[in-house]
Amino acid sequence: MEWIIFGALLGIIIIKWTNRRERKRKLAEEKERKNEPSTQEPYRWTPSDADAAKAEVNQQNGVQLHKPEEVDLNGPLSEEASHKLHTLDEAGLELERLSGQKLLPYATIDFGRGQYPHSISVIAPDKAVALQWVDAMQRRLAPGLLCYAGTSQWLGDDPKSGTEVVIGLGETQLDIVRLAQTDACNYDLDNAALIAKLQELNSRYGISIKTASSDTVGFVITALPEDMSRLCSDLYAFCPDLIDQGVGSMEALEAFLFDNDYVELWWD
């Protein structure tokens with residue numbers, strides 16, 4: 001009987017010792033993992049099925065789209081890529097090289113119905129590719145130059161298929177919205193009012209503007225706050241269509257923002 005009791009006690013001691021070693025091992029692994037550099041990938045727009053379908057339609061309609069040079073947004077910049085571009089001429093040469101597209105000596109406004117001559121642009125096959133080119137060019141441009149994805153809905157006399165990538169002159173990213181002449185007239189917000197609200201969002205959360213067109217602004221939220229409900233409320237108050245014509249609820253918007261740092265607002 002004594003040997004049975006002794007064996008049981010010994011078994012309990014061995015189990016506790018084993019569990020203690022396992023806890024120490026897991027704590028050590030967790031500590032080591034936290035000390036490792038982050039391997040999170042940078043922002044990358046993922047092409048949707050709709051974008052792929054649009055590209056296929058472009059090909060069927062005979063639109064010639066040269067294969068762009070592949071851009072590694074994860075890798076370190078080469079010595080050449082680290083050299084900043086200071087003029088529109090320099091930026092235009094780089095944009096042509098990157099895209100493989102003909103450089104246009106203007107950007108468009110008002111859904112492609114007007115032209116702004118103090119900018120340059122190329123046409124990407126879809127918004128997914130356009131945002132890739134925008135990311136690459138924004139890394140290269142010196143202060144005074146701005147890059148963004150512009151018109152993608154073409155209502156003018158010279159309709160195009162694809163999304164415009166624009167390089168223009170400006171001191172801050174809010175000048176992107178001025179160049180695109182974005183407004184929300186259906187919500188009584190002119191260009192200046194939109195810029196003021198975007199400045200509030202930037203001051204509160206930090207944003208990096210990637211897209212601006214006649215009625216659309218898209219940006220990356222650079223640091224999601226702990227209070228996601230306030231961010232969602234601010235975005236909904238600014239752009240009701242984000243929920244009413246978009247994700248459907250505040251809860252769905254919060255879930256979307258947890259998975260996506262890029263958000264696009266529109267006022268139609």
# chains A, B, ... in the order shown; residues from 1 in each chain; ligands from 1
$ closest_atom_pairs --of "stretch 149-183 of chain A" --to "stretch 202-226 of chain A" --cutoff "12 Å" --atoms "only C-alpha atoms" --output "CSV"
residue,atom,partner,partner_atom,distance
A:Ala149,CA,A:Thr211,CA,4.6
A:Gly150,CA,A:Ser213,CA,5.0
A:Thr151,CA,A:Ser213,CA,5.3
A:Ser152,CA,A:Ser213,CA,7.8
A:Gln153,CA,A:Ser213,CA,8.9
A:Trp154,CA,A:Ser214,CA,10.5
A:Leu155,CA,A:Ser214,CA,11.1
A:Thr163,CA,A:Thr211,CA,10.2
A:Glu164,CA,A:Ser213,CA,9.5
A:Val165,CA,A:Thr211,CA,9.0
A:Val166,CA,A:Thr211,CA,9.7
A:Ile167,CA,A:Lys210,CA,11.6
A:Thr172,CA,A:Ile209,CA,10.2
A:Gln173,CA,A:Ile209,CA,6.5
A:Leu174,CA,A:Ile209,CA,7.8
A:Asp175,CA,A:Ile209,CA,10.0
A:Ile176,CA,A:Ala212,CA,6.7
A:Val177,CA,A:Ala212,CA,5.8
A:Arg178,CA,A:Ala212,CA,9.0
A:Leu179,CA,A:Ala212,CA,8.5
A:Ala180,CA,A:Ser213,CA,5.3
A:Gln181,CA,A:Ser214,CA,6.2
A:Thr182,CA,A:Ser214,CA,4.5
A:Asp183,CA,A:Asp215,CA,5.6
$ closest_atom_pairs --of "stretch 102-184 of chain A" --to "stretch 81-94 of chain A" --cutoff "10 Å" --atoms "only C-alpha atoms" --output "Markdown table"
| residue | atom | partner | partner_atom | distance |
| --- | --- | --- | --- | --- |
| A:Lys102 | CA | A:Gly92 | CA | 9.9 |
| A:Leu103 | CA | A:Gly92 | CA | 6.9 |
| A:Leu104 | CA | A:Gly92 | CA | 9.1 |
| A:Pro105 | CA | A:Gly92 | CA | 9.2 |
| A:His118 | CA | A:Leu88 | CA | 9.3 |
| A:Ser119 | CA | A:Leu88 | CA | 7.8 |
| A:Ile120 | CA | A:Gly92 | CA | 6.9 |
| A:Ser121 | CA | A:Gly92 | CA | 8.0 |
| A:Val122 | CA | A:Gly92 | CA | 9.2 |
| A:Ala136 | CA | A:Ala81 | CA | 9.5 |
| A:Met137 | CA | A:Ala91 | CA | 8.1 |
| A:Gln138 | CA | A:Lys84 | CA | 9.9 |
| A:Arg139 | CA | A:Lys84 | CA | 8.2 |
| A:Arg140 | CA | A:Lys84 | CA | 5.0 |
| A:Leu141 | CA | A:Leu85 | CA | 4.9 |
| A:Ala142 | CA | A:His86 | CA | 5.2 |
| A:Pro143 | CA | A:His86 | CA | 7.5 |
| A:Gly144 | CA | A:His86 | CA | 7.7 |
| A:Leu145 | CA | A:His86 | CA | 7.3 |
| A:Leu146 | CA | A:Leu88 | CA | 9.8 |
| A:Cys147 | CA | A:Ala91 | CA | 9.6 |
| A:Val166 | CA | A:Gly92 | CA | 9.7 |
| A:Ile167 | CA | A:Leu88 | CA | 7.4 |
| A:Gly168 | CA | A:Leu88 | CA | 7.4 |
| A:Leu169 | CA | A:Leu88 | CA | 8.1 |
$ write_last_selection --atoms "N, CA and C atoms" --output "compact mmCIF listing (two decimals), in the first residue's frame"
# COMPACT_ATOMS: atom_id res chain seq x y z
N LYS A 102 2.55 55.01 -72.46
CA LYS A 102 2.84 56.33 -73.02
C LYS A 102 2.50 57.40 -72.00
N LEU A 103 3.41 58.34 -71.81
CA LEU A 103 3.20 59.42 -70.85
C LEU A 103 2.30 60.49 -71.47
N LEU A 104 1.28 60.90 -70.73
CA LEU A 104 0.37 61.95 -71.17
C LEU A 104 0.74 63.26 -70.48
N PRO A 105 0.74 64.39 -71.20
CA PRO A 105 1.19 65.67 -70.62
C PRO A 105 0.10 66.41 -69.86
N HIS A 118 -0.87 70.99 -65.88
CA HIS A 118 0.37 71.10 -65.09
C HIS A 118 0.68 69.80 -64.34
N SER A 119 0.33 68.68 -64.94
CA SER A 119 0.60 67.36 -64.38
C SER A 119 0.92 66.40 -65.53
N ILE A 120 1.34 65.19 -65.19
CA ILE A 120 1.58 64.14 -66.17
C ILE A 120 0.88 62.88 -65.68
N SER A 121 0.64 61.95 -66.60
CA SER A 121 -0.10 60.75 -66.19
C SER A 121 0.14 59.61 -67.17
N VAL A 122 -0.18 58.41 -66.71
CA VAL A 122 -0.28 57.23 -67.56
C VAL A 122 -1.58 56.52 -67.17
N ALA A 136 4.98 52.67 -55.59
CA ALA A 136 6.38 52.70 -56.04
C ALA A 136 6.84 54.13 -56.28
N MET A 137 6.01 54.95 -56.93
CA MET A 137 6.41 56.32 -57.26
C MET A 137 6.45 57.21 -56.02
N GLN A 138 5.53 57.03 -55.10
CA GLN A 138 5.55 57.86 -53.90
C GLN A 138 6.84 57.69 -53.11
N ARG A 139 7.44 56.52 -53.20
CA ARG A 139 8.71 56.29 -52.51
C ARG A 139 9.86 57.04 -53.16
N ARG A 140 9.70 57.39 -54.44
CA ARG A 140 10.80 57.99 -55.19
C ARG A 140 10.74 59.51 -55.27
N LEU A 141 9.57 60.09 -55.05
CA LEU A 141 9.39 61.51 -55.33
C LEU A 141 9.94 62.38 -54.20
N ALA A 142 10.65 63.43 -54.60
CA ALA A 142 11.14 64.42 -53.64
C ALA A 142 10.00 65.35 -53.24
N PRO A 143 10.15 66.08 -52.13
CA PRO A 143 9.12 67.06 -51.75
C PRO A 143 8.83 68.02 -52.90
N GLY A 144 7.56 68.32 -53.06
CA GLY A 144 7.14 69.19 -54.16
C GLY A 144 6.46 68.43 -55.29
N LEU A 145 6.61 67.08 -55.29
CA LEU A 145 5.94 66.24 -56.28
C LEU A 145 5.01 65.26 -55.57
N LEU A 146 3.87 64.99 -56.18
CA LEU A 146 2.86 64.10 -55.60
C LEU A 146 2.42 63.09 -56.63
N CYS A 147 2.07 61.89 -56.18
CA CYS A 147 1.57 60.85 -57.07
C CYS A 147 0.30 60.25 -56.47
N VAL A 166 -1.33 59.71 -61.72
CA VAL A 166 -0.98 61.11 -61.94
C VAL A 166 0.23 61.50 -61.09
N ILE A 167 1.09 62.33 -61.67
CA ILE A 167 2.14 63.01 -60.90
C ILE A 167 1.94 64.50 -61.12
N GLY A 168 1.84 65.24 -60.02
CA GLY A 168 1.63 66.68 -60.10
C GLY A 168 2.44 67.41 -59.05
N LEU A 169 2.27 68.71 -59.02
CA LEU A 169 3.02 69.57 -58.11
C LEU A 169 2.19 69.86 -56.86
$ atom_distance --atom1 "atom CA of A:Arg113" --atom2 "atom CA of A:Asp158"
7.9 Å
$ closest_residue --among "A:Tyr116, A:Phe238, A:Phe256, A:Trp133" --to "A:Gln101" --atoms "only C-alpha atoms"
A:Trp133
$ closest_residue --among "A:Pro117, A:Val247, A:Leu95, A:Asp188" --to "A:Val263" --atoms "only C-alpha atoms"
A:Val247
$ select_by_dssp --residues "stretch 105-256 of chain A" --states "alpha helix (DSSP H)" --output "JSON, numbers by chain"
{"A": [127, 128, 129, 130, 131, 132, 133, 134, 135, 136, 137, 138, 139, 140, 174, 175, 176, 177, 178, 179, 180, 191, 192, 193, 194, 195, 196, 197, 198, 199, 200, 201, 202, 203, 204, 228, 229, 230, 231, 232, 233, 234, 235, 236, 237, 238, 241, 242, 250, 251, 252, 253, 254, 255, 256]}
$ residues_around --residues "A:Asp227" --least-positions-apart "5" --cutoff "12 Å" --atoms "only C-alpha atoms" --output "list in words"
Arg204, Tyr205, Cys232, Ser233, Asp234, Glu254, Leu257 and Phe258 of chain A
$ decode --residues "stretch 169-183 of chain A" --atoms "N, CA, C and O atoms" --output "PDB file, in the first residue's frame"
ATOM      1  N   LEU A 169       2.268  68.713 -59.022  1.00  0.00           N
ATOM      2  CA  LEU A 169       3.016  69.570 -58.112  1.00  0.00           C
ATOM      3  C   LEU A 169       2.194  69.859 -56.865  1.00  0.00           C
ATOM      4  O   LEU A 169       0.993  70.141 -56.949  1.00  0.00           O
ATOM      5  N   GLY A 170       2.831  69.804 -55.704  1.00  0.00           N
ATOM      6  CA  GLY A 170       2.140  70.103 -54.460  1.00  0.00           C
ATOM      7  C   GLY A 170       3.061  69.974 -53.269  1.00  0.00           C
ATOM      8  O   GLY A 170       4.037  69.218 -53.311  1.00  0.00           O
ATOM      9  N   GLU A 171       2.742  70.682 -52.218  1.00  0.00           N
ATOM     10  CA  GLU A 171       3.597  70.700 -51.025  1.00  0.00           C
ATOM     11  C   GLU A 171       3.215  69.639 -50.014  1.00  0.00           C
ATOM     12  O   GLU A 171       4.068  69.088 -49.335  1.00  0.00           O
ATOM     13  N   THR A 172       1.921  69.335 -49.887  1.00  0.00           N
ATOM     14  CA  THR A 172       1.475  68.319 -48.936  1.00  0.00           C
ATOM     15  C   THR A 172       0.531  67.362 -49.647  1.00  0.00           C
ATOM     16  O   THR A 172       0.024  67.661 -50.743  1.00  0.00           O
ATOM     17  N   GLN A 173       0.250  66.217 -49.007  1.00  0.00           N
ATOM     18  CA  GLN A 173      -0.622  65.234 -49.642  1.00  0.00           C
ATOM     19  C   GLN A 173      -2.040  65.762 -49.852  1.00  0.00           C
ATOM     20  O   GLN A 173      -2.756  65.279 -50.735  1.00  0.00           O
ATOM     21  N   LEU A 174      -2.458  66.761 -49.097  1.00  0.00           N
ATOM     22  CA  LEU A 174      -3.789  67.326 -49.297  1.00  0.00           C
ATOM     23  C   LEU A 174      -3.902  68.052 -50.630  1.00  0.00           C
ATOM     24  O   LEU A 174      -5.011  68.238 -51.150  1.00  0.00           O
ATOM     25  N   ASP A 175      -2.755  68.450 -51.200  1.00  0.00           N
ATOM     26  CA  ASP A 175      -2.778  69.051 -52.531  1.00  0.00           C
ATOM     27  C   ASP A 175      -3.215  68.040 -53.589  1.00  0.00           C
ATOM     28  O   ASP A 175      -3.635  68.432 -54.681  1.00  0.00           O
ATOM     29  N   ILE A 176      -3.109  66.753 -53.291  1.00  0.00           N
ATOM     30  CA  ILE A 176      -3.636  65.733 -54.204  1.00  0.00           C
ATOM     31  C   ILE A 176      -5.134  65.955 -54.430  1.00  0.00           C
ATOM     32  O   ILE A 176      -5.633  65.891 -55.560  1.00  0.00           O
ATOM     33  N   VAL A 177      -5.861  66.238 -53.364  1.00  0.00           N
ATOM     34  CA  VAL A 177      -7.304  66.446 -53.461  1.00  0.00           C
ATOM     35  C   VAL A 177      -7.606  67.737 -54.206  1.00  0.00           C
ATOM     36  O   VAL A 177      -8.600  67.834 -54.938  1.00  0.00           O
ATOM     37  N   ARG A 178      -6.727  68.739 -54.043  1.00  0.00           N
ATOM     38  CA  ARG A 178      -6.899  69.986 -54.803  1.00  0.00           C
ATOM     39  C   ARG A 178      -6.664  69.739 -56.289  1.00  0.00           C
ATOM     40  O   ARG A 178      -7.414  70.238 -57.130  1.00  0.00           O
ATOM     41  N   LEU A 179      -5.614  69.000 -56.618  1.00  0.00           N
ATOM     42  CA  LEU A 179      -5.325  68.717 -58.026  1.00  0.00           C
ATOM     43  C   LEU A 179      -6.480  67.963 -58.682  1.00  0.00           C
ATOM     44  O   LEU A 179      -6.855  68.240 -59.818  1.00  0.00           O
ATOM     45  N   ALA A 180      -7.024  66.980 -57.965  1.00  0.00           N
ATOM     46  CA  ALA A 180      -8.122  66.169 -58.514  1.00  0.00           C
ATOM     47  C   ALA A 180      -9.451  66.915 -58.503  1.00  0.00           C
ATOM     48  O   ALA A 180     -10.422  66.462 -59.124  1.00  0.00           O
ATOM     49  N   GLN A 181      -9.526  68.044 -57.789  1.00  0.00           N
ATOM     50  CA  GLN A 181     -10.747  68.850 -57.662  1.00  0.00           C
ATOM     51  C   GLN A 181     -11.923  68.012 -57.162  1.00  0.00           C
ATOM     52  O   GLN A 181     -13.056  68.109 -57.635  1.00  0.00           O
ATOM     53  N   THR A 182     -11.625  67.167 -56.168  1.00  0.00           N
ATOM     54  CA  THR A 182     -12.638  66.294 -55.578  1.00  0.00           C
ATOM     55  C   THR A 182     -13.642  67.112 -54.776  1.00  0.00           C
ATOM     56  O   THR A 182     -13.269  68.049 -54.063  1.00  0.00           O
ATOM     57  N   ASP A 183     -14.919  66.768 -54.892  1.00  0.00           N
ATOM     58  CA  ASP A 183     -15.927  67.374 -54.035  1.00  0.00           C
ATOM     59  C   ASP A 183     -17.017  66.358 -53.738  1.00  0.00           C
ATOM     60  O   ASP A 183     -17.028  65.258 -54.289  1.00  0.00           O
TER      61      ASP A 183
END
